[in-house]
>>> print(open('coords.cif').read())   # mmCIF, C-alpha atoms and all ligand atoms
data_structure
loop_
_atom_site.label_atom_id
_atom_site.label_comp_id
_atom_site.auth_asym_id
_atom_site.auth_seq_id
_atom_site.Cartn_x
_atom_site.Cartn_y
_atom_site.Cartn_z
CA MET A 1 -16.51 13.35 9.32
CA LEU A 2 -16.55 9.56 9.37
CA THR A 3 -19.61 8.01 7.84
CA CYS A 4 -18.34 4.45 7.79
CA ALA A 5 -20.56 1.50 8.48
CA GLY A 6 -18.11 0.20 11.07
CA SER A 7 -18.38 3.06 13.54
CA PRO A 8 -19.60 1.93 16.92
CA ALA A 9 -22.70 3.23 18.58
CA ALA A 10 -21.94 6.53 20.27
CA ALA A 11 -20.25 6.04 23.60
CA GLY A 12 -21.71 7.44 26.78
CA ALA A 13 -21.55 11.16 27.41
CA GLY A 14 -18.91 10.59 30.10
CA THR A 15 -16.49 9.11 27.57
CA GLU A 16 -17.27 11.71 24.94
CA ASN A 17 -16.27 14.54 27.26
CA ASN A 18 -13.13 13.06 28.72
CA ALA A 19 -9.97 13.39 26.66
CA SER A 20 -8.05 10.66 28.46
CA ALA A 21 -10.91 8.17 28.15
CA LEU A 22 -11.12 9.03 24.44
CA ALA A 23 -7.36 8.57 24.13
CA ARG A 24 -7.61 5.12 25.75
CA LYS A 25 -10.46 4.24 23.42
CA GLY A 26 -8.38 5.41 20.45
CA THR A 27 -5.35 3.41 21.58
CA THR A 28 -7.40 0.24 22.02
CA ALA A 29 -8.97 0.76 18.60
CA ILE A 30 -5.50 1.09 17.03
CA GLU A 31 -4.34 -2.09 18.78
CA GLN A 32 -7.39 -3.86 17.37
CA ARG A 33 -6.82 -2.32 13.93
CA ARG A 34 -10.12 -0.42 14.00
CA PHE A 35 -8.55 2.72 12.58
CA GLY A 36 -11.77 4.55 11.72
CA GLU A 37 -12.88 4.39 15.35
CA ALA A 38 -9.38 5.33 16.48
CA LEU A 39 -9.31 8.44 14.28
CA ASP A 40 -12.75 9.42 15.52
CA ALA A 41 -11.73 9.03 19.19
CA PHE A 42 -8.43 10.92 18.83
CA THR A 43 -10.10 13.70 16.83
CA LYS A 44 -12.68 14.17 19.58
CA ALA A 45 -9.95 14.07 22.24
CA LEU A 46 -7.98 16.71 20.33
CA ALA A 47 -11.00 18.99 20.30
CA LEU A 48 -10.80 18.89 24.11
CA GLN A 49 -7.00 18.99 24.40
CA PRO A 50 -5.53 20.43 21.21
CA ASP A 51 -1.99 20.77 22.60
CA ASP A 52 -1.46 17.12 23.46
CA ALA A 53 1.26 15.67 21.22
CA THR A 54 0.31 12.04 21.96
CA LEU A 55 -3.26 12.68 20.74
CA CYS A 56 -1.88 14.20 17.54
CA PHE A 57 0.33 11.15 17.09
CA GLY A 58 -2.60 8.76 17.66
CA ALA A 59 -4.74 10.64 15.14
CA GLY A 60 -1.78 10.60 12.73
CA VAL A 61 -1.29 6.84 12.97
CA ALA A 62 -5.00 6.18 12.42
CA ALA A 63 -5.17 8.58 9.45
CA PHE A 64 -2.01 7.05 7.94
CA MET A 65 -3.43 3.53 8.14
CA LEU A 66 -6.61 4.75 6.45
CA GLY A 67 -4.52 6.18 3.61
CA GLN A 68 -5.42 9.77 4.58
CA ASP A 69 -1.84 10.92 4.16
CA GLU A 70 -2.36 14.68 4.26
CA ALA A 71 -4.25 14.48 7.55
CA ALA A 72 -1.63 12.09 8.94
CA GLN A 73 1.22 14.41 7.94
CA THR A 74 -0.47 17.38 9.59
CA GLN A 75 -0.93 15.44 12.83
CA PHE A 76 2.65 14.09 12.93
CA GLU A 77 3.98 17.60 12.26
CA ARG A 78 1.77 19.02 15.03
CA ALA A 79 3.02 16.31 17.42
CA LEU A 80 6.62 17.26 16.59
CA ALA A 81 5.93 20.98 16.90
CA LEU A 82 4.52 20.32 20.38
CA ASN A 83 7.29 17.90 21.32
CA PRO A 84 10.40 17.98 19.10
CA ASP A 85 11.80 14.91 20.92
CA TYR A 86 8.83 12.76 19.92
CA LEU A 87 10.75 9.93 18.24
CA GLU A 88 7.78 7.84 17.07
CA ALA A 89 6.12 10.84 15.45
CA ALA A 90 9.36 11.59 13.59
CA VAL A 91 9.76 7.97 12.48
CA TRP A 92 6.19 7.78 11.18
CA LEU A 93 6.49 11.16 9.46
CA GLY A 94 9.73 10.08 7.79
CA ASP A 95 8.09 6.86 6.64
CA LEU A 96 5.08 8.78 5.31
CA HIS A 97 7.33 11.08 3.25
CA TYR A 98 9.29 8.09 1.98
CA ARG A 99 6.18 6.27 0.80
CA ALA A 100 4.96 9.42 -0.89
CA GLY A 101 8.21 9.46 -2.88
CA ARG A 102 9.58 12.47 -0.95
CA LEU A 103 12.91 10.91 -0.15
CA SER A 104 14.77 14.12 0.68
CA GLU A 105 12.07 15.14 3.20
CA ALA A 106 12.23 11.67 4.76
CA ILE A 107 16.01 11.98 5.06
CA ALA A 108 15.75 15.50 6.55
CA ILE A 109 13.32 14.30 9.23
CA TYR A 110 15.57 11.36 10.12
CA LYS A 111 18.69 13.58 10.26
CA MET A 112 16.91 15.92 12.64
CA THR A 113 15.79 12.93 14.71
CA LEU A 114 19.27 11.48 14.82
CA ARG A 115 20.54 14.58 16.59
CA ARG A 116 17.92 14.13 19.31
CA SER A 117 17.61 10.39 19.61
CA ALA A 118 19.15 7.91 22.02
CA ARG A 119 18.01 5.03 19.80
CA ARG A 120 20.55 5.86 17.16
CA SER A 121 21.30 2.54 15.48
CA ASP A 122 17.86 2.00 13.87
CA ILE A 123 17.71 5.57 12.68
CA GLU A 124 21.27 5.48 11.38
CA ALA A 125 20.70 2.24 9.47
CA GLN A 126 17.54 3.56 7.81
CA LEU A 127 19.21 6.86 7.03
CA ALA A 128 22.14 5.07 5.37
CA THR A 129 19.75 3.03 3.19
CA TRP A 130 17.73 6.07 2.19
CA SER A 131 20.85 8.13 1.49
CA LYS A 132 22.08 5.44 -0.92
CA GLU A 133 18.71 5.46 -2.63
CA GLN A 134 18.82 9.26 -2.83
CA GLU A 135 22.28 9.11 -4.44
CA LEU A 136 20.90 6.81 -7.11
CA HIS A 137 17.78 8.90 -7.64
CA ASP A 138 19.84 12.06 -8.07
CA ARG A 139 21.33 10.41 -11.16
CA LEU A 140 17.98 9.45 -12.70
CA ARG A 141 16.12 11.25 -15.47
CA ASP A 142 12.47 10.78 -16.33
CA VAL A 143 10.01 10.66 -19.19
CA ARG A 144 6.46 11.83 -18.58
CA THR A 145 3.16 10.69 -19.95
CA GLU A 146 -0.20 12.06 -18.87
CA HIS A 147 -0.41 10.15 -15.56
CA PHE A 148 3.03 8.64 -15.02
CA SER A 149 6.64 9.78 -14.56
CA THR A 150 9.04 6.97 -15.42
CA PHE A 151 12.58 7.35 -14.06
CA PHE A 152 15.61 5.56 -15.48
CA GLU A 153 19.38 5.78 -15.07
CA SER A 154 21.11 4.89 -18.32
CA LEU A 155 20.33 6.70 -21.57
CA SER A 156 20.07 3.31 -23.24
CA ASP A 157 16.99 2.65 -21.07
CA GLU A 158 15.09 5.67 -22.33
CA PRO A 159 13.16 3.73 -25.02
CA LEU A 160 12.09 1.22 -22.36
CA ALA A 161 11.02 4.06 -20.04
CA ARG A 162 8.89 5.51 -22.85
CA GLU A 163 7.38 2.14 -23.54
CA VAL A 164 6.64 1.58 -19.84
CA GLY A 165 4.85 4.94 -19.69
CA GLU A 166 2.79 4.16 -22.79
CA ARG A 167 1.84 0.70 -21.56
CA LEU A 168 0.88 2.12 -18.18
CA GLU A 169 -1.38 4.69 -19.85
CA LYS A 170 -3.20 1.80 -21.54
CA ALA A 171 -3.47 0.00 -18.20
CA TYR A 172 -4.76 3.24 -16.67
CA GLU A 173 -7.62 3.33 -19.16
CA ARG A 174 -8.41 -0.37 -19.01
CA ILE A 175 -8.28 -0.77 -15.22
CA GLY A 176 -9.71 2.67 -14.51
CA SER A 177 -12.71 1.76 -16.60
CA ALA A 178 -13.03 -1.71 -14.98
CA LEU A 179 -12.97 -0.24 -11.46
CA GLY A 180 -14.61 3.10 -12.21
CA SER A 181 -11.64 4.79 -10.54
CA TYR A 182 -8.97 6.94 -12.16
CA PRO A 183 -6.22 8.19 -9.82
CA SER A 184 -5.72 11.93 -10.31
CA GLU A 185 -2.23 12.21 -8.80
CA ARG A 186 0.77 11.51 -10.97
CA ILE A 187 2.29 8.09 -10.28
CA THR A 188 6.05 7.60 -10.15
CA VAL A 189 7.69 4.58 -11.76
CA VAL A 190 11.37 3.76 -11.29
CA LEU A 191 13.33 1.36 -13.48
CA TYR A 192 16.21 -0.42 -11.76
CA THR A 193 18.82 -3.00 -12.49
CA ARG A 194 18.06 -6.25 -10.65
CA GLU A 195 20.85 -5.42 -8.14
CA GLN A 196 19.50 -1.94 -7.43
CA PHE A 197 15.98 -3.33 -7.08
CA SER A 198 17.08 -5.96 -4.57
CA ALA A 199 19.15 -3.47 -2.56
CA ILE A 200 16.34 -0.91 -2.35
CA THR A 201 13.29 -3.13 -1.89
CA ARG A 202 15.00 -6.10 -0.19
CA LEU A 203 12.31 -8.30 -1.72
CA ALA A 204 12.62 -11.99 -2.48
CA SER A 205 14.24 -12.93 -5.77
CA TRP A 206 10.86 -14.08 -7.17
CA SER A 207 9.49 -10.52 -7.00
CA ALA A 208 8.79 -9.18 -10.46
CA ALA A 209 8.18 -5.60 -9.27
CA ALA A 210 6.92 -3.67 -6.26
CA TYR A 211 4.56 -0.87 -5.29
CA ASP A 212 5.26 1.07 -2.10
CA GLY A 213 4.08 4.50 -3.15
CA ARG A 214 6.12 4.21 -6.34
CA ILE A 215 6.07 1.43 -8.91
CA ARG A 216 9.55 -0.11 -8.81
CA LEU A 217 10.54 -2.32 -11.71
CA PRO A 218 13.74 -4.32 -12.26
CA ILE A 219 14.53 -4.14 -15.96
CA ALA A 220 16.09 -7.56 -16.45
CA GLY A 221 14.34 -9.62 -19.07
CA THR A 222 10.98 -7.81 -19.12
CA TRP A 223 11.97 -5.68 -22.10
CA GLN A 224 11.85 -8.63 -24.50
CA GLN A 225 8.48 -9.93 -23.26
CA PRO A 226 5.80 -7.32 -23.94
CA ASP A 227 2.96 -9.46 -22.50
CA GLU A 228 4.89 -10.02 -19.28
CA LEU A 229 5.70 -6.31 -19.06
CA ASP A 230 2.00 -5.48 -19.46
CA ARG A 231 1.08 -8.02 -16.82
CA ILE A 232 3.56 -6.65 -14.28
CA LEU A 233 2.74 -2.99 -14.90
CA SER A 234 -0.99 -3.56 -14.76
CA HIS A 235 -0.61 -5.58 -11.54
CA GLU A 236 1.40 -2.84 -9.79
CA PHE A 237 -0.94 -0.12 -11.04
CA VAL A 238 -3.86 -1.94 -9.38
CA HIS A 239 -1.90 -1.81 -6.09
CA ALA A 240 -1.61 1.96 -6.54
CA ILE A 241 -5.39 2.25 -6.95
CA VAL A 242 -6.11 -0.09 -4.03
CA THR A 243 -3.92 2.02 -1.72
CA ARG A 244 -5.65 5.19 -2.85
CA LEU A 245 -9.12 3.73 -2.34
CA GLY A 246 -8.67 1.54 0.70
CA GLY A 247 -5.67 2.89 2.63
CA ARG A 248 -3.19 0.56 4.27
CA THR A 249 -5.49 -1.91 5.98
CA VAL A 250 -6.60 -3.85 2.90
CA PRO A 251 -5.84 -7.56 3.48
CA ALA A 252 -3.08 -8.83 1.20
CA TRP A 253 -5.31 -11.51 -0.35
CA LEU A 254 -7.80 -8.85 -1.51
CA ASN A 255 -5.08 -6.51 -2.78
CA GLU A 256 -3.04 -9.21 -4.54
CA GLY A 257 -6.14 -11.06 -5.71
CA LEU A 258 -7.57 -7.96 -7.37
CA ALA A 259 -4.20 -7.10 -8.94
CA THR A 260 -3.94 -10.66 -10.30
CA VAL A 261 -7.54 -10.91 -11.53
CA LEU A 262 -7.16 -7.60 -13.40
CA GLU A 263 -3.97 -8.64 -15.14
CA PRO A 264 -4.44 -8.89 -18.90
CA PHE A 265 -5.10 -12.53 -19.92
CA SER A 266 -5.79 -13.37 -16.27
CA ALA A 267 -8.92 -15.44 -17.00
CA GLU A 268 -6.92 -18.31 -18.51
CA ASP A 269 -4.53 -18.35 -15.58
CA ALA A 270 -7.19 -19.35 -13.06
CA ASN A 271 -7.03 -22.92 -14.31
CA ALA A 272 -3.38 -22.97 -15.21
CA PRO A 273 -1.36 -26.02 -14.15
CA ARG A 274 0.51 -24.07 -11.49
CA ALA A 275 -2.82 -23.40 -9.77
CA ARG A 276 -3.09 -27.09 -8.87
CA ARG A 277 -2.45 -27.61 -5.20
CA ARG A 278 -3.06 -29.90 -2.30
CA ALA A 279 -4.91 -27.69 0.16
CA ARG A 280 -5.91 -24.09 -0.16
CA PRO A 281 -4.69 -21.89 2.70
CA GLU A 282 -7.20 -20.12 4.94
CA LEU A 283 -7.84 -16.59 3.72
CA SER A 284 -7.13 -15.35 7.24
CA THR A 285 -3.53 -16.55 6.83
CA LEU A 286 -3.21 -14.38 3.72
CA ASP A 287 -3.91 -11.02 5.36
CA GLN A 288 -0.29 -9.96 5.56
CA SER A 289 1.97 -9.14 2.64
CA PHE A 290 3.20 -12.15 0.63
CA VAL A 291 6.73 -10.75 0.32
CA ASP A 292 8.31 -13.05 2.90
CA LEU A 293 6.85 -16.25 1.44
CA SER A 294 8.92 -18.76 -0.51
CA ARG A 295 8.39 -18.82 -4.26
CA ARG A 296 6.19 -21.91 -4.00
CA ASP A 297 4.08 -20.62 -1.09
CA ALA A 298 3.75 -17.30 -2.88
CA GLU A 299 2.39 -19.03 -6.00
CA ILE A 300 -0.23 -20.78 -3.89
CA ALA A 301 -1.05 -17.56 -2.06
CA TYR A 302 -1.49 -15.55 -5.29
CA SER A 303 -3.60 -18.23 -6.87
CA SER A 304 -5.82 -18.60 -3.78
CA ALA A 305 -6.17 -14.82 -3.51
CA ALA A 306 -7.10 -14.49 -7.18
CA ARG A 307 -9.67 -17.26 -6.87
CA ALA A 308 -11.27 -15.64 -3.81
CA VAL A 309 -11.45 -12.21 -5.48
CA GLN A 310 -12.82 -13.70 -8.70
CA ARG A 311 -15.52 -15.30 -6.59
CA LEU A 312 -16.35 -11.92 -5.00
CA ILE A 313 -16.59 -10.31 -8.43
CA ASP A 314 -18.70 -13.16 -9.83
CA GLN A 315 -21.09 -12.95 -6.90
CA ARG A 316 -21.40 -9.20 -6.32
CA GLY A 317 -19.67 -7.45 -9.19
CA VAL A 318 -16.49 -5.44 -9.19
CA CYS A 319 -18.30 -2.31 -7.98
CA ALA A 320 -19.07 -4.02 -4.67
CA VAL A 321 -15.36 -4.77 -4.27
CA VAL A 322 -14.51 -1.12 -5.00
CA ALA A 323 -17.17 0.00 -2.48
CA LEU A 324 -15.66 -2.39 0.08
CA LEU A 325 -12.24 -0.79 -0.45
CA GLN A 326 -13.71 2.69 -0.12
CA ASP A 327 -15.40 1.70 3.15
CA LEU A 328 -12.01 0.57 4.48
CA GLY A 329 -10.49 3.91 3.47
CA HIS A 330 -13.28 5.67 5.36
CA GLY A 331 -12.54 3.70 8.50
CA ALA A 332 -14.88 0.71 8.46
CA THR A 333 -13.54 -2.53 9.88
CA PHE A 334 -12.97 -5.24 7.29
CA THR A 335 -15.61 -7.63 8.61
CA SER A 336 -18.36 -5.01 8.75
CA ALA A 337 -17.48 -3.53 5.34
CA PHE A 338 -17.37 -7.04 3.89
CA GLN A 339 -20.78 -7.98 5.25
CA HIS A 340 -22.26 -4.66 4.14
CA ARG A 341 -20.94 -4.76 0.57
CA ILE A 342 -20.75 -8.48 -0.17
CA GLU A 343 -23.87 -9.38 1.81
CA ILE A 344 -22.34 -12.43 3.39
CA ARG A 345 -20.35 -12.78 6.60
CA TYR A 346 -16.60 -12.81 5.98
CA GLU A 347 -16.16 -16.06 7.98
CA ASP A 348 -18.75 -17.77 5.77
CA PHE A 349 -17.08 -16.51 2.60
CA ALA A 350 -13.67 -17.61 3.89
CA ALA A 351 -15.03 -21.08 4.64
CA LEU A 352 -16.45 -21.32 1.11
CA ALA A 353 -13.20 -20.04 -0.37
CA ARG A 354 -11.40 -23.17 0.90
CA ASN A 355 -13.44 -25.36 -1.42
ZN ZN A 401 1.21 -7.64 -6.09
#
>>> encode(input="coords.cif", output="structure tokens", more="lines below")
Ligand SMILES: [Zn+2]
Amino acid sequence: MLTCAGSPAAAGAGTENNASALARKGTTAIEQRRFGEALDAFTKALALQPDDATLCFGAGVAAFMLGQDEAAQTQFERALALNPDYLEAAVWLGDLHYRAGRLSEAIAIYKMTLRRSARRSDIEAQLATWSKEQELHDRLRDVRTEHFSTFFESLSDEPLAREVGERLEKAYERIGSALGSYPSERITVVLYTREQFSAITRLASWSAAAYDGRIRLPIAGTWQQPDELDRILSHEFVHAIVTRLGGRTVPAWLNEGLATVLEPFSAEDANAPRARRRARPELSTLDQSFVDLSRRDAEIAYSSAARAVQRLIDQRGVCAVVALLQDLGHGATFTSAFQHRIEIRYEDFAALARN
């Protein structure tokens, strides 16, 4: 099933035939973020012990991280069918539904869990947040274009929703053609007031928009600035493609860098005044999401990420970057996929990227 370059050499026959050894191998691989290996180990273990809920959960976590959401959902549901008190499986399944935009399913799973859980406060807090979001979403209406559904609350925002859909269709063509990848599933976009956006995403005030399975866009101000609206929509659409291609293990610098480089008019920005800085951060410090950074650190992070990705594209072409993402989605580790597709060791590239 897995044909990734990062798979290890086959383990000894003893390991292959022993479900608990495979489970340990899978757990270690998850701890070390080698999710392709983890999925492989748990899948083999499940072939030996199909009724073990913890193996289903392990396979589910690995599949989820690889962006294989249907497989992950099946495994979490199997884990819960085998053990209805399996809190972690319920939490991950709820999160999976939420990120897929299935808020009512996420809420139903959490409500069921709440009845069975001793750890009530976390579950209750999340449930309260999601229920508020659901209340808002029940009031929304949407306009549809070929690939996007854009939701909005107030009738006065309908023209903006139509415009957002139309601009996204243009981004779909432009970016799809640049990356050779056109998502087939419909993408949901939600327009919020700034207050609603902050309450639901809890992102820093510098955030212009977000993608977490849906494109979430605060309306304030963007309406009057068509170029800025195009930039934001195109940026978030790239995140949607990156998640579909590469799953959830793509380093933030690669994800944000690609989204920034593919923004319209991005070429001029590379040398913009705000890109001036004292020292460039190590790429390895830019693996995790930028959302918790200060505005200033975020600017440096985005500009460093864009510069690194532009360098990748200049050296190997955008297709190599797409192939790298696909390898990650198939379970390769980042360093092996990087070396395979970019033909240079990641450490060497990262060292060069500081200059
Ligand atoms: Zn972004």
>>> residues_near_point(input="coords.cif", point="(0.9, 12.6, 14.6)", cutoff="12 Å", atoms="all atoms listed in the file", output="number ranges by chain")
A: 39, 42-43, 46, 51-65, 69-84, 86-94, 96
>>> closest_atom_pairs(input="coords.cif", of="chain A", to="ligand ZN 401 (chain A)", cutoff="7 Å", atoms="all atoms listed in the file", output="tab-separated table")
residue	atom	partner	partner_atom	distance
A:Ala210	CA	A:ZN401	ZN	7.0
A:His235	CA	A:ZN401	ZN	6.1
A:Glu236	CA	A:ZN401	ZN	6.1
A:His239	CA	A:ZN401	ZN	6.6
A:Glu256	CA	A:ZN401	ZN	4.8
A:Ala259	CA	A:ZN401	ZN	6.1
>>> closest_residue(input="coords.cif", among="A:Glu166, A:Gly176, A:Gln196, A:Leu203", to="Glu135 (chain A)", atoms="all atoms listed in the file")
A:Gln196
>>> closest_residue(input="coords.cif", among="A:Gln315, A:Gly165, A:Ala320, A:Phe338", to="Pro251 (chain A)", atoms="all atoms listed in the file")
A:Phe338
>>> atom_distance(input="coords.cif", atom1="CA of Thr260 (chain A)", atom2="CA of Cys319 (chain A)")
16.8 Å
>>> closest_residue(input="coords.cif", among="A:Gln49, A:Gln339, A:Ser234, A:Thr27", to="Ile215 (chain A)", atoms="only C-alpha atoms")
A:Ser234
>>> residues_around(input="coords.cif", residues="Leu245 (chain A)", least_positions_apart="6", cutoff="10 Å", atoms="all atoms listed in the file", output="NGL selection string")
:A and (66-68 or 181 or 183 or 239 or 322-330)
